[in-house]
Amino acid sequence: MITARDDRRRTFDALPAGAQAATWWGKAWVAALEALSRDQGRLARGRSYAEEGRVEAVTVTPGRLVAYVRGSRSRPYRTEIALDVFAAEDWEVFLERTAADPGYLAALLEGEVPQGLAEALLPGPGELHPRCSCPDPGRPPCKHAAALCHRVAHLLDADPFVLLLLRGRGERELTEELTRRNAAHAAREQTAGAPGLPGVPARTAVAPRSLPPLPPPLPDPPGPGHPPSYPDGPGAPDPLALDQLATDAAARAYAILATGRDPMAGLTLWQDAVRLAAAHPTQGLTGAARALYRDLARAAGRPVHDLARAATAWRHGGLAGLEVLEEPWDPPAGPFDRARPALLAAGEGQFRPERNTLTLGGRQLRLGRDGLWYPYTGTPGASPGPDWWPAGPSAPDPVAALHRP
């Protein structure tokens with residue numbers, strides 16, 4: 001447990017090289033010390049010392065900063081900066097002002113110095129008193145004190161309670177006191193406004209009651225929306241990529257709304273690439289869409305030709321259509337065996353069976369695991385064999401599948 005006495009003494013390890021103030025209050029702290037000197041060369045040298053990491057651990061106590069700073073000699077110099085602490089009446093004004101405004105306390109706890117408190121907290125002219133054990137005969141601050149000032153400014157960036165400790169009080173005692181006073185302010189405001197506040201008796205509020213039914217949900221939209229056009233400017237993201245991302249997100253959201261299922265759930269990288277490509281027909285592709293096919297095929301590690309065929313299968317049958325294209329299987333006897341006589345009776349010819357396919361010349365039917373027939377076309381006599389492509393949507397009847405548009 002940290003006591004009040006311990007809370008008023010904090011030690012911070014040395015920072016790595018390059019640390020500088022970033023906040024406006026950290027820079028205001030540096031400016032207050034630099035206002036004591038017109039020797040810009042000495043001040044610049046001190047800033048360099050801080051950036052080079054020459055300031056060792058810093059100890060902060062009420063009204064005083066102490067650190068050793070390594071200069072040109074082997075033995076570091078003991079450097080101090082003193083700051084006037086608040087008197088009791090100053091603390092009373094500060095505490096009441098801070099507690100009365102919840103935003104002030106919230107800003108301090110978030111590591112910021114509120115603008116409304118800056119004038120009271122930050123050092124004014126003549127409030128900083130640097131001292132150093134170095135032999136510099138010039139008027140303070142020396143370069144070692146300037147280096148310590150820059151180091152402390154970085155501490156203030158991250159923790160404004162360092163500044164409050166320099167003014168005389170530690171973080172824990174301050175937060176406890178401010179929390180107590182803030183609660184008292186809130187209680188007084190609540191009491192003052194109580195007669196005009198609406199309310200109900202507690203027994204009424206917790207009594208069982210039935211709530212009215214929820215309103216019916218809004219009807220589903222007719223389809224996914226279309227994204228706006230995106231500018232193609234220097235340094236802007238690729239408009240085609242943005243359009244593709246927005247269009248796919250809208251289609252996915254619409255599918256989830258309409259069916260309760262995510263169309264991307266469980267898809268492999270290749271299946272998702274096929275799904276994205278299927279949104280762009282292969283005929284009449286623009287240059288940008290051809291680039292999309294190329295990029296998708298490269299990402300999936302497959303040729304563009306394979307992607308175009310798979311996208312056609314997806315457009316005709318979705319994931320089931322892609323599986324029919326890529327996954328031959330051995331169907332059980334039944335519908336498959338009855339298909340050949342049905343085709344022969346319809347005058348379609350004698351189809352040759354092989355696994356889940358029926359083939360005659362440049363025509364082919366594939367039976368999917370979903371029990372549907374998928375039509376394919378190919379070039380007879382091609383080497384090393386017909387290049388089979390999906391020819392249309394599926395149908396439960398093999399004869400009808402051959403003649404689907």
# chains A, B, ... in the order shown; residues from 1 in each chain; ligands from 1
call {"tool": "select_by_dssp", "arguments": {"residues": "range 147-324 of chain A", "states": "helix (DSSP H, G or I)", "output": "PyMOL selection string"}}
result
chain A and resi 147-158+161-166+171-196+202-206+239-259+269-278+287-300+304-324
call {"tool": "select_by_dssp", "arguments": {"residues": "range 24-151 of chain A", "states": "strand (DSSP E)", "output": "list in words"}}
result
Val55, Glu56, Ala57, Val58, Thr59, Val60, Thr61, Arg64, Leu65, Val66, Ala67, Tyr68, Val69, Tyr77, Arg78, Thr79, Glu80, Ile81, Ala82, Leu83, Leu128, His129, Pro130, Arg131 and Cys132 of chain A
call {"tool": "residues_around", "arguments": {"residues": "range 87-102 of chain A", "least_positions_apart": "2", "cutoff": "7 Å", "atoms": "only C-alpha atoms", "output": "PyMOL selection string"}}
result
chain A and resi 85+104-106+178+181-182+185
call {"tool": "closest_residue", "arguments": {"among": "A:Gln271, A:Thr359, A:Ser394, A:Thr61", "to": "Val162 in chain A", "atoms": "only C-alpha atoms"}}
result
A:Thr61
call {"tool": "closest_residue", "arguments": {"among": "A:Ala35, A:Leu155, A:Ala146, A:Leu174", "to": "Leu108 in chain A", "atoms": "only C-alpha atoms"}}
result
A:Leu174
call {"tool": "residues_around", "arguments": {"residues": "His150 in chain A", "least_positions_apart": "3", "cutoff": "9 Å", "atoms": "only C-alpha atoms", "output": "PyMOL selection string"}}
result
chain A and resi 19-21+26-27+29-30+46-47+50-51+145-147+153-155
call {"tool": "atom_distance", "arguments": {"atom1": "CA of Phe86 in chain A", "atom2": "CA of Arg9 in chain A"}}
result
16.6 Å
call {"tool": "atom_distance", "arguments": {"atom1": "CA of Ala339 in chain A", "atom2": "CA of Pro398 in chain A"}}
result
6.3 Å
call {"tool": "residues_around", "arguments": {"residues": "Ala67 in chain A", "least_positions_apart": "3", "cutoff": "8 Å", "atoms": "only C-alpha atoms", "output": "list in words"}}
result
Val55, Glu56, Ala57, Val58, Thr59, Arg78, Thr79, Glu80 and Leu148 of chain A
call {"tool": "closest_residue", "arguments": {"among": "A:Lys143, A:Arg352, A:His316, A:Arg64", "to": "Glu127 in chain A", "atoms": "only C-alpha atoms"}}
result
A:Arg64
call {"tool": "residues_around", "arguments": {"residues": "Pro375 in chain A", "least_positions_apart": "2", "cutoff": "9 Å", "atoms": "only C-alpha atoms", "output": "number ranges by chain"}}
result
A: 363-366, 373, 377, 389-395, 398, 401-404
call {"tool": "atom_distance", "arguments": {"atom1": "CA of Leu325 in chain A", "atom2": "CA of Ala241 in chain A"}}
result
28.1 Å
call {"tool": "decode", "arguments": {"residues": "range 300-328 of chain A", "atoms": "N, CA and C atoms", "output": "PDB file, in the first residue's frame"}}
result
ATOM      1  N   ALA A 300      -5.347 -17.198 -55.333  1.00  0.00           N
ATOM      2  CA  ALA A 300      -5.765 -18.577 -55.050  1.00  0.00           C
ATOM      3  C   ALA A 300      -4.770 -19.603 -55.568  1.00  0.00           C
ATOM      4  N   GLY A 301      -3.778 -19.178 -56.353  1.00  0.00           N
ATOM      5  CA  GLY A 301      -2.783 -20.101 -56.877  1.00  0.00           C
ATOM      6  C   GLY A 301      -3.305 -20.995 -57.988  1.00  0.00           C
ATOM      7  N   ARG A 302      -4.259 -20.491 -58.795  1.00  0.00           N
ATOM      8  CA  ARG A 302      -4.835 -21.272 -59.886  1.00  0.00           C
ATOM      9  C   ARG A 302      -4.785 -20.449 -61.165  1.00  0.00           C
ATOM     10  N   PRO A 303      -4.830 -21.089 -62.337  1.00  0.00           N
ATOM     11  CA  PRO A 303      -4.855 -20.353 -63.608  1.00  0.00           C
ATOM     12  C   PRO A 303      -6.161 -19.565 -63.768  1.00  0.00           C
ATOM     13  N   VAL A 304      -6.099 -18.495 -64.561  1.00  0.00           N
ATOM     14  CA  VAL A 304      -7.287 -17.695 -64.826  1.00  0.00           C
ATOM     15  C   VAL A 304      -8.343 -18.534 -65.539  1.00  0.00           C
ATOM     16  N   HIS A 305      -7.903 -19.448 -66.418  1.00  0.00           N
ATOM     17  CA  HIS A 305      -8.831 -20.316 -67.140  1.00  0.00           C
ATOM     18  C   HIS A 305      -9.660 -21.146 -66.165  1.00  0.00           C
ATOM     19  N   ASP A 306      -9.012 -21.705 -65.139  1.00  0.00           N
ATOM     20  CA  ASP A 306      -9.741 -22.484 -64.132  1.00  0.00           C
ATOM     21  C   ASP A 306     -10.735 -21.612 -63.381  1.00  0.00           C
ATOM     22  N   LEU A 307     -10.324 -20.374 -63.068  1.00  0.00           N
ATOM     23  CA  LEU A 307     -11.208 -19.476 -62.327  1.00  0.00           C
ATOM     24  C   LEU A 307     -12.426 -19.112 -63.158  1.00  0.00           C
ATOM     25  N   ALA A 308     -12.233 -18.853 -64.460  1.00  0.00           N
ATOM     26  CA  ALA A 308     -13.363 -18.491 -65.309  1.00  0.00           C
ATOM     27  C   ALA A 308     -14.362 -19.640 -65.401  1.00  0.00           C
ATOM     28  N   ARG A 309     -13.882 -20.881 -65.550  1.00  0.00           N
ATOM     29  CA  ARG A 309     -14.787 -22.033 -65.626  1.00  0.00           C
ATOM     30  C   ARG A 309     -15.506 -22.241 -64.289  1.00  0.00           C
ATOM     31  N   ALA A 310     -14.762 -22.112 -63.200  1.00  0.00           N
ATOM     32  CA  ALA A 310     -15.380 -22.305 -61.888  1.00  0.00           C
ATOM     33  C   ALA A 310     -16.413 -21.216 -61.604  1.00  0.00           C
ATOM     34  N   ALA A 311     -16.139 -19.973 -62.033  1.00  0.00           N
ATOM     35  CA  ALA A 311     -17.114 -18.897 -61.830  1.00  0.00           C
ATOM     36  C   ALA A 311     -18.392 -19.171 -62.611  1.00  0.00           C
ATOM     37  N   THR A 312     -18.273 -19.736 -63.815  1.00  0.00           N
ATOM     38  CA  THR A 312     -19.461 -20.107 -64.590  1.00  0.00           C
ATOM     39  C   THR A 312     -20.274 -21.173 -63.852  1.00  0.00           C
ATOM     40  N   ALA A 313     -19.577 -22.186 -63.294  1.00  0.00           N
ATOM     41  CA  ALA A 313     -20.276 -23.218 -62.521  1.00  0.00           C
ATOM     42  C   ALA A 313     -20.981 -22.621 -61.311  1.00  0.00           C
ATOM     43  N   TRP A 314     -20.334 -21.654 -60.660  1.00  0.00           N
ATOM     44  CA  TRP A 314     -20.936 -21.020 -59.478  1.00  0.00           C
ATOM     45  C   TRP A 314     -22.189 -20.237 -59.876  1.00  0.00           C
ATOM     46  N   ARG A 315     -22.127 -19.530 -61.021  1.00  0.00           N
ATOM     47  CA  ARG A 315     -23.294 -18.763 -61.433  1.00  0.00           C
ATOM     48  C   ARG A 315     -24.489 -19.680 -61.723  1.00  0.00           C
ATOM     49  N   HIS A 316     -24.233 -20.905 -62.211  1.00  0.00           N
ATOM     50  CA  HIS A 316     -25.330 -21.818 -62.521  1.00  0.00           C
ATOM     51  C   HIS A 316     -25.830 -22.595 -61.310  1.00  0.00           C
ATOM     52  N   GLY A 317     -24.977 -22.774 -60.282  1.00  0.00           N
ATOM     53  CA  GLY A 317     -25.417 -23.633 -59.181  1.00  0.00           C
ATOM     54  C   GLY A 317     -24.837 -23.311 -57.827  1.00  0.00           C
ATOM     55  N   GLY A 318     -24.134 -22.166 -57.698  1.00  0.00           N
ATOM     56  CA  GLY A 318     -23.569 -21.821 -56.407  1.00  0.00           C
ATOM     57  C   GLY A 318     -22.487 -22.809 -55.989  1.00  0.00           C
ATOM     58  N   LEU A 319     -22.363 -23.001 -54.676  1.00  0.00           N
ATOM     59  CA  LEU A 319     -21.344 -23.903 -54.154  1.00  0.00           C
ATOM     60  C   LEU A 319     -21.575 -25.337 -54.636  1.00  0.00           C
ATOM     61  N   ALA A 320     -22.841 -25.755 -54.740  1.00  0.00           N
ATOM     62  CA  ALA A 320     -23.140 -27.109 -55.230  1.00  0.00           C
ATOM     63  C   ALA A 320     -22.680 -27.265 -56.672  1.00  0.00           C
ATOM     64  N   GLY A 321     -22.857 -26.217 -57.482  1.00  0.00           N
ATOM     65  CA  GLY A 321     -22.403 -26.278 -58.859  1.00  0.00           C
ATOM     66  C   GLY A 321     -20.899 -26.375 -58.967  1.00  0.00           C
ATOM     67  N   LEU A 322     -20.173 -25.672 -58.071  1.00  0.00           N
ATOM     68  CA  LEU A 322     -18.716 -25.763 -58.077  1.00  0.00           C
ATOM     69  C   LEU A 322     -18.256 -27.160 -57.666  1.00  0.00           C
ATOM     70  N   GLU A 323     -18.937 -27.743 -56.694  1.00  0.00           N
ATOM     71  CA  GLU A 323     -18.570 -29.099 -56.265  1.00  0.00           C
ATOM     72  C   GLU A 323     -18.787 -30.114 -57.387  1.00  0.00           C
ATOM     73  N   VAL A 324     -19.855 -29.957 -58.189  1.00  0.00           N
ATOM     74  CA  VAL A 324     -20.089 -30.856 -59.319  1.00  0.00           C
ATOM     75  C   VAL A 324     -18.950 -30.739 -60.327  1.00  0.00           C
ATOM     76  N   LEU A 325     -18.444 -29.516 -60.537  1.00  0.00           N
ATOM     77  CA  LEU A 325     -17.341 -29.315 -61.467  1.00  0.00           C
ATOM     78  C   LEU A 325     -16.066 -29.994 -60.985  1.00  0.00           C
ATOM     79  N   GLU A 326     -15.777 -29.924 -59.706  1.00  0.00           N
ATOM     80  CA  GLU A 326     -14.444 -30.278 -59.215  1.00  0.00           C
ATOM     81  C   GLU A 326     -14.387 -31.594 -58.440  1.00  0.00           C
ATOM     82  N   GLU A 327     -15.523 -32.194 -58.102  1.00  0.00           N
ATOM     83  CA  GLU A 327     -15.488 -33.361 -57.223  1.00  0.00           C
ATOM     84  C   GLU A 327     -16.294 -34.518 -57.821  1.00  0.00           C
ATOM     85  N   PRO A 328     -15.677 -35.349 -58.685  1.00  0.00           N
ATOM     86  CA  PRO A 328     -16.380 -36.546 -59.175  1.00  0.00           C
ATOM     87  C   PRO A 328     -16.704 -37.490 -58.007  1.00  0.00           C
TER      88      PRO A 328
END
